[in-house]
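Student: The following block contains the structure, expressed as structure tokens.
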Amino acid sequence: MAGSVFLLLLAGTLLCGLLFHTVSQNEAGDRTRTRRPNFIIILADDIGWGDLGANQQAGQRSSQTPHLDLMAQQGMRLTDFHSPASTCSPSRAALLTGRHGLRNGVTHNFAVGSVGGLPLSETTLAEILHQGGYYTAMIGKWHLGHNGPYSPTNRGFDYYLGIPYSNDMGCTDLPGYDLPSCPPCYPGPQILHNRLKRSGYSSCYTKVALPLFENRTIVEQPLDLWRLTQRYTSTALNVIHTASKDGVPFSQVRAQLPKQERGQPFLLYVALAHMHVPLYPPSYAPHPSEGGVYAASLREMDGLVGAIKNASDASDKENTLIWFTGDNGPWEQKCQYAGSVGPFLGKWQTSRGGGSAKRTTWEGGHRVPTVSYWPGRVPANSTSSALLSGLDIFPTLLSLAGVNPPSDRRYDGIDATDVLLHGKETGNEFLFHPNSGAAGKYGDLQTVRLGRHKAFYITGAAEACGGSTGRQELHDPPMIFDLSGDKGEETPLDPTTEEYKEVDERVRRWREALLYDIATDQSVSTADYATDQSAAPCCDPRHTACRCNTLG
């Protein structure tokens, strides 16, 4: 017994050493120049691994992402990159803190009426970089708390323009494409809510109109979805060219502002509304165009990414790292409005009913299209199969910036600088995938990736297109797949084989070590998931749908 405890403690100690790799002085000289690098993180929403044209096999279908394909050609395509969770809030919290939801407290999504958000005991990437001299700006979906101290400008960002949560969590005057189709705000959210509830459309958010925030102020409610991409693009380009310490008022977005001061590096975090429903591709309305609504939306998203890349190239491309990735896989139950998982079909699950993408720990739920681009630093036209995660963005950017994270907590990501800049395949030895709304308890690390193998302890309970969910199933011993020859996760290994027994032993050892490490972590946070109707963002409760517009 004592020996087992010793081994467990030893494994935990080794794990802690792996969880956050600190750059040595020799590495620091190689990874930084006279000026510290700028960082642009572009996070797509509900995007499928197969949505990226560069991930498709030759002749498979026409690409809808020419700008991202070019960025991959000029940079690095990361083919085995995973979101830290399979749904919105937990994935974003993990990216910004470098910690699993069981540590940072965010294990499922926050609501329109959420009182809290990402626990204030957590320190974000933006806070650390801001304290280190960076100008920090965020555009897009936050979904980590919108009240008081939980808003972006209180969590390290100098400037914010965006939606506080998902773009389907509120009515608009001109709704986009969704399944089911939701009505506009008029004649009023509460009236609509009552009517839709009686009609069976309870999934439509109607009580509060969808707001657009600038910093801490609602500037438009309901926002105009069909102008959102243009607004995000203009604001992103303005930030790239100015990066002023005081932020950029939205009214000045189209103004000719002076170039940014070269002495101050910046972090720009762009959390797109694409490809989350409702979709709103202007080029598609009012009649269908070739490829359908989803393809048109994908092209629009790609155009936004291309505009950001072009602005960065024209401004300071030799000193700017662009990292494009996704928060989770496609929302399968949205059918024609959901993306492609590519070859990662989760066939074992789909053959039994239920979904195998968003909210699940099947590959389609968390393997996301990812591209890194930094001319002269990231090798051009390169591909890496290193096992990486959104958890690794936090330590990698801090390493490149030469900034240390707080030392009073434990982390779950690794520094991937050698992968990005030197072409090494030194990724994670293991990854843990948490339950994100399917079978099991929120946040539980119920699936383990170890090299080419993947072990499931629980499956099922995620809705597929058509409504089937598949029953929840516990697997003890775990169900193990070899992804090297079974990307579709169709046929698990035979538990009687030596291969299975060896993998099972290693998986159990690593999983027990991490769970022990979290259980003994004094820095674990707890999120407040309480809701209150008064906590919903409303710029003017006297008006129907909280209607207001300060943009002029």
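Residues are referred to by chain and number: the chain letter is A, B, ... according to the order shown in the structure tokens, the number counts from 1 in that chain, and ligands are numbered separately from 1 in the order shown.
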If DSSP is run on the backbone, what residues of region 265-324 of chain A are strand (DSSP E or B)? A reply as a list in words would be ideal.
Tutor: Phe266, Leu267, Leu268, Tyr269, Val270, Ala271, Leu279, Thr320, Leu321, Ile322, Trp323 and Phe324 of chain A
Student: So which residues touch region 440-455 of chain A within 7 Å, counting only C-alpha atoms, skipping near sequence neighbours fewer than 4 positions away, as a VMD selection string?
Tutor: chain A and resid 101 to 102 107 to 108 361 429 to 436 478 to 484 507
Student: With only C-alpha atoms as the basis for distance, which of A:Asn147, A:Ser181, A:Thr136, A:Gln333 is at the shortest distance from Ile218 (chain A)?
Tutor: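 Nearest to Ile218 (chain A): A:Asn147.
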Student: Expressed in Å to a single decimal, how great is the separation between CA of Arg227 (chain A) and CA of Gly48 (chain A)?
Tutor: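 Here the two named atoms are 24.0 Å from each other.
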Student: Looking at only C-alpha atoms, which of A:Cys185, A:Val106, A:Val378, A:Cys335 is the one that sits closest to Gln73 (chain A)?
Tutor: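 So, comparing all the options, the nearest one is A:Val378.
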Student: According to DSSP computed on the backbone, where in region 55-254 of chain A is there alpha helix (DSSP H)? Give the residues as a ChimeraX atom specification.
Tutor: /A:66-74,88-97,101-104,125-131,189-199,225-242
Student: Ranking A:Asn104, A:Gln221, A:Gln56, A:Asn215 by minimum distance to Thr544 (chain A) and counting only C-alpha atoms, which one comes first?
Tutor: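 Looking only at the distances to Thr544 (chain A), the closest residue turns out to be A:Gln221.
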